[in-house]
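Asker: Input: one structure, supplied below.
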Amino acid sequence: MAQLETYPPGGRRVVRPATVTFCPNCGELVGRGYPDCVICAERIDDLWWADWQVLLESEKIRPGTDEEGGLARKVLSDEVGRHPWTCTDWALWLLRCGRCGGQLGSGDSGCMACAAADQARWAWDYQALPDAMTPNEHALRVAVAGLRAPHRHRGSVVTGWRLALPFLFVGDLPTTAQTQRIRGHVLAGRYAELARQQGFAAMACLPDLPWRAQNNSGAVHREPDAQPDQH
Ligand SMILES: [Zn+2]
Ligand SMILES: [Zn+2]
């Protein structure tokens with residue numbers, strides 16, 4: 001079987017920021033407002049759009065045309081690994097589900113067509129990890145897909161993705177132990193405390209006893225210059 005360009009990487013055309021910053025629109029760390037905040041959405045989706053744009057140009061198709069919809073359907077029907085995973089996601093985002101009318105793969109939680117479309121995309125990851133896709137890219141993809149379809153997931157899981165996305169975006173990845181600790185804090189209703197932390201390690205290291213504010217000013221302590229954990 002000819003190996004033309006199987007599993008072309010996705011999301012690597014845009015240089016990602018080295019550190020987390022605050023979004024000038026929603027005021028949260030960039031990514032945390034995804035996808036409702038336009039700036040957070042633009043910054044994150046840029047990784048996906050860059051790949052889709054290259055595909056459009058190679059096919060000589062203009063965005064917003066019927067031809068683009070046709071290309072999206074072709075991408076989803078092509079064999080797994082033919083296109084970057086980002087293009088598969090973008091194709092899903094462009095198309096409407098014929099059964100529930102929602103965004104394909106992100107529609108009604110009970111829609112079987114959406115469930116099938118969503119499930120099909122993950123074959124890429126299982127076959128491409130860890131080279132053509134890094135664990136960080138996989139986690140980023142999972143978080144973005146989940147945040148685009150929050151009604152299809154448990155609230156605590158969605159909250160975990162929201163907390164994680166700014167740090168995933170800059171290339172960080174939590175350990176399994178950190179993920180479990182953070183999940184426990186989310187289930188304990190400590191989102192506000194978690195949202196003030198500057199990385200997975202800090203979120204995981206919240207003291208077990210709830211931190212009590214010395215005053216009730218409501219001021220949020222921000223450390224925009226703090227470095228996320230590198231690995
Ligand atoms: Zn934002
Ligand atoms: Zn559907």
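We name chains A, B, ... following the order of the structure tokens; residues begin at 1 in each chain, and ligands are numbered from 1 as shown.
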For ligand 2, return the neighbouring residues as a PyMOL selection string (distance at most 10 Å; only C-alpha atoms and all ligand atoms).
Answerer: chain A and resi 96-118
Asker: Write the residues you've just listed into a file as an mmCIF file, in the first residue's frame, and include N, CA and C atoms for each of them.
Answerer:
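Output file selection33.cif follows:
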```
data_model
loop_
_atom_site.group_PDB
_atom_site.id
_atom_site.type_symbol
_atom_site.label_atom_id
_atom_site.label_comp_id
_atom_site.auth_asym_id
_atom_site.auth_seq_id
_atom_site.Cartn_x
_atom_site.Cartn_y
_atom_site.Cartn_z
ATOM 1 N N ARG A 96 -24.208 20.281 9.103
ATOM 2 C CA ARG A 96 -25.345 20.094 9.997
ATOM 3 C C ARG A 96 -25.721 18.622 9.989
ATOM 4 N N CYS A 97 -26.193 18.168 11.142
ATOM 5 C CA CYS A 97 -26.639 16.791 11.260
ATOM 6 C C CYS A 97 -27.990 16.623 10.574
ATOM 7 N N GLY A 98 -28.089 15.616 9.711
ATOM 8 C CA GLY A 98 -29.330 15.381 8.982
ATOM 9 C C GLY A 98 -30.456 14.900 9.883
ATOM 10 N N ARG A 99 -30.124 14.407 11.061
ATOM 11 C CA ARG A 99 -31.162 13.874 11.942
ATOM 12 C C ARG A 99 -31.641 14.906 12.965
ATOM 13 N N CYS A 100 -30.707 15.535 13.695
ATOM 14 C CA CYS A 100 -31.126 16.458 14.767
ATOM 15 C C CYS A 100 -30.994 17.922 14.359
ATOM 16 N N GLY A 101 -30.304 18.191 13.255
ATOM 17 C CA GLY A 101 -30.182 19.568 12.783
ATOM 18 C C GLY A 101 -29.090 20.368 13.461
ATOM 19 N N GLY A 102 -28.423 19.780 14.452
ATOM 20 C CA GLY A 102 -27.332 20.472 15.133
ATOM 21 C C GLY A 102 -26.048 20.365 14.346
ATOM 22 N N GLN A 103 -24.980 20.906 14.935
ATOM 23 C CA GLN A 103 -23.668 20.764 14.302
ATOM 24 C C GLN A 103 -23.300 19.278 14.339
ATOM 25 N N LEU A 104 -22.880 18.760 13.215
ATOM 26 C CA LEU A 104 -22.650 17.316 13.118
ATOM 27 C C LEU A 104 -21.645 16.837 14.170
ATOM 28 N N GLY A 105 -22.060 15.861 14.950
ATOM 29 C CA GLY A 105 -21.196 15.339 16.006
ATOM 30 C C GLY A 105 -21.353 16.058 17.328
ATOM 31 N N SER A 106 -22.029 17.209 17.307
ATOM 32 C CA SER A 106 -22.199 18.015 18.524
ATOM 33 C C SER A 106 -23.660 18.326 18.802
ATOM 34 N N GLY A 107 -24.569 17.628 18.139
ATOM 35 C CA GLY A 107 -25.993 17.935 18.256
ATOM 36 C C GLY A 107 -26.622 17.360 19.510
ATOM 37 N N ASP A 108 -27.924 17.042 19.426
ATOM 38 C CA ASP A 108 -28.664 16.553 20.589
ATOM 39 C C ASP A 108 -27.942 15.374 21.239
ATOM 40 N N SER A 109 -27.996 15.350 22.569
ATOM 41 C CA SER A 109 -27.262 14.304 23.287
ATOM 42 C C SER A 109 -27.787 12.912 22.958
ATOM 43 N N GLY A 110 -29.059 12.799 22.539
ATOM 44 C CA GLY A 110 -29.590 11.488 22.209
ATOM 45 C C GLY A 110 -29.499 11.133 20.733
ATOM 46 N N CYS A 111 -28.866 12.012 19.928
ATOM 47 C CA CYS A 111 -28.844 11.791 18.475
ATOM 48 C C CYS A 111 -27.787 10.745 18.117
ATOM 49 N N MET A 112 -28.242 9.658 17.517
ATOM 50 C CA MET A 112 -27.319 8.573 17.179
ATOM 51 C C MET A 112 -26.397 8.959 16.023
ATOM 52 N N ALA A 113 -26.905 9.780 15.112
ATOM 53 C CA ALA A 113 -26.060 10.203 13.985
ATOM 54 C C ALA A 113 -24.891 11.057 14.483
ATOM 55 N N CYS A 114 -25.170 11.922 15.441
ATOM 56 C CA CYS A 114 -24.102 12.741 16.021
ATOM 57 C C CYS A 114 -23.132 11.875 16.812
ATOM 58 N N ALA A 115 -23.679 10.917 17.554
ATOM 59 C CA ALA A 115 -22.807 10.026 18.334
ATOM 60 C C ALA A 115 -21.864 9.271 17.411
ATOM 61 N N ALA A 116 -22.392 8.807 16.280
ATOM 62 C CA ALA A 116 -21.564 8.056 15.336
ATOM 63 C C ALA A 116 -20.502 8.956 14.710
ATOM 64 N N ALA A 117 -20.903 10.179 14.340
ATOM 65 C CA ALA A 117 -19.950 11.110 13.719
ATOM 66 C C ALA A 117 -18.856 11.500 14.707
ATOM 67 N N ASP A 118 -19.256 11.693 15.965
ATOM 68 C CA ASP A 118 -18.272 12.060 16.973
ATOM 69 C C ASP A 118 -17.317 10.904 17.240
#
```
Asker: Could the residues that lie within 10 Å of ligand 1, counting only C-alpha atoms and all ligand atoms, be listed as a list in words?
Answerer: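 Written in the requested form, the residues are Phe22, Cys23, Pro24, Asn25, Cys26, Gly27, Glu28, Leu29, Val30, Gly31, Arg32, Gly33, Tyr34, Pro35, Asp36, Cys37, Val38, Ile39, Cys40, Ala41, Glu42 and Arg43 of chain A.
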Asker: Tell me which protein, DNA and RNA residues are within 12 Å of Thr134 in chain A, counting only C-alpha atoms, leaving out same-chain ones fewer than 3 positions away, and put them as an MDAnalysis selection string.
Answerer: chainID A and resid 9:12 85 124:131 137:141 168 171:173
Asker: Can you write out as a Markdown table which residues of range 146-170 of chain A fall within 8 Å of range 185-189 of chain A, alongside each residue's closest atom pair and its distance in Å to one decimal, counting only C-alpha atoms and ordering rows by chain and ascending residue number?
Answerer:
```
| residue | atom | partner | partner_atom | distance |
| --- | --- | --- | --- | --- |
| A:Ser156 | CA | A:Val186 | CA | 6.3 |
| A:Thr159 | CA | A:Val186 | CA | 7.2 |
| A:Gly160 | CA | A:Val186 | CA | 7.0 |
```
Asker: Can you spit out the residues from that selection as a PDB file, in the first residue's frame, using all heavy atoms?
Answerer:
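Output (again29.pdb):
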```
ATOM      1  N   SER A 156     -19.309  18.163  35.450  1.00  0.00           N
ATOM      2  CA  SER A 156     -17.988  18.203  36.088  1.00  0.00           C
ATOM      3  C   SER A 156     -16.881  17.951  35.069  1.00  0.00           C
ATOM      4  O   SER A 156     -15.782  18.518  35.166  1.00  0.00           O
ATOM      5  CB  SER A 156     -17.910  17.176  37.213  1.00  0.00           C
ATOM      6  OG  SER A 156     -18.116  15.872  36.719  1.00  0.00           O
ATOM      7  N   THR A 159     -16.449  21.145  33.102  1.00  0.00           N
ATOM      8  CA  THR A 159     -15.718  22.112  33.929  1.00  0.00           C
ATOM      9  C   THR A 159     -14.227  21.805  33.913  1.00  0.00           C
ATOM     10  O   THR A 159     -13.390  22.715  33.832  1.00  0.00           O
ATOM     11  CB  THR A 159     -16.251  22.078  35.371  1.00  0.00           C
ATOM     12  OG1 THR A 159     -17.622  22.448  35.352  1.00  0.00           O
ATOM     13  CG2 THR A 159     -15.488  23.045  36.257  1.00  0.00           C
ATOM     14  N   GLY A 160     -13.885  20.529  33.984  1.00  0.00           N
ATOM     15  CA  GLY A 160     -12.476  20.141  33.930  1.00  0.00           C
ATOM     16  C   GLY A 160     -11.829  20.567  32.620  1.00  0.00           C
ATOM     17  O   GLY A 160     -10.697  21.064  32.607  1.00  0.00           O
TER      18      GLY A 160
END
```
Asker: Compare A:Val80, A:Ala132, A:Ala18, A:Cys87 by their minimum atom-to-atom distance to Trp49 in chain A, counting only C-alpha atoms, and give me the closest one.
Answerer: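 So, comparing all the options, the nearest one is A:Cys87.
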Asker: Set the distance at 7 Å and use only C-alpha atoms: which residues neighbour Phe200 in chain A once local chain neighbours fewer than 4 positions away are removed? I'd like the list as JSON, numbers by chain.
Answerer: {"A": [174, 178, 204]}
Asker: If you keep all heavy atoms, can you produce a file of those selected residues as a PDB file, in the first residue's frame?
Answerer:
```pdb
ATOM      1  N   PRO A 174      -1.530  17.539  32.016  1.00  0.00           N
ATOM      2  CA  PRO A 174      -1.530  17.083  33.409  1.00  0.00           C
ATOM      3  C   PRO A 174      -1.160  15.608  33.497  1.00  0.00           C
ATOM      4  O   PRO A 174      -1.390  14.835  32.565  1.00  0.00           O
ATOM      5  CB  PRO A 174      -2.990  17.304  33.835  1.00  0.00           C
ATOM      6  CG  PRO A 174      -3.769  17.138  32.574  1.00  0.00           C
ATOM      7  CD  PRO A 174      -2.885  17.654  31.461  1.00  0.00           C
ATOM      8  N   GLN A 178      -2.556  14.264  38.706  1.00  0.00           N
ATOM      9  CA  GLN A 178      -3.048  15.650  38.752  1.00  0.00           C
ATOM     10  C   GLN A 178      -4.486  15.734  38.269  1.00  0.00           C
ATOM     11  O   GLN A 178      -5.318  16.430  38.853  1.00  0.00           O
ATOM     12  CB  GLN A 178      -2.144  16.557  37.901  1.00  0.00           C
ATOM     13  CG  GLN A 178      -0.792  16.847  38.540  1.00  0.00           C
ATOM     14  CD  GLN A 178       0.158  17.564  37.589  1.00  0.00           C
ATOM     15  OE1 GLN A 178      -0.052  17.586  36.369  1.00  0.00           O
ATOM     16  NE2 GLN A 178       1.219  18.129  38.130  1.00  0.00           N
ATOM     17  N   ALA A 204      -3.809  20.990  41.094  1.00  0.00           N
ATOM     18  CA  ALA A 204      -3.820  19.701  41.781  1.00  0.00           C
ATOM     19  C   ALA A 204      -3.420  19.844  43.241  1.00  0.00           C
ATOM     20  O   ALA A 204      -3.825  19.048  44.084  1.00  0.00           O
ATOM     21  CB  ALA A 204      -2.877  18.728  41.075  1.00  0.00           C
TER      22      ALA A 204
END
```
Asker: Identify all residues of range 66-207 of chain A in alpha helix (DSSP H) (DSSP on the backbone) and supply them as an MDAnalysis selection string.
Answerer: chainID A and resid 66:77 85:94 112:121 123:128 135:148 155:169 176:187 191:195 200:204
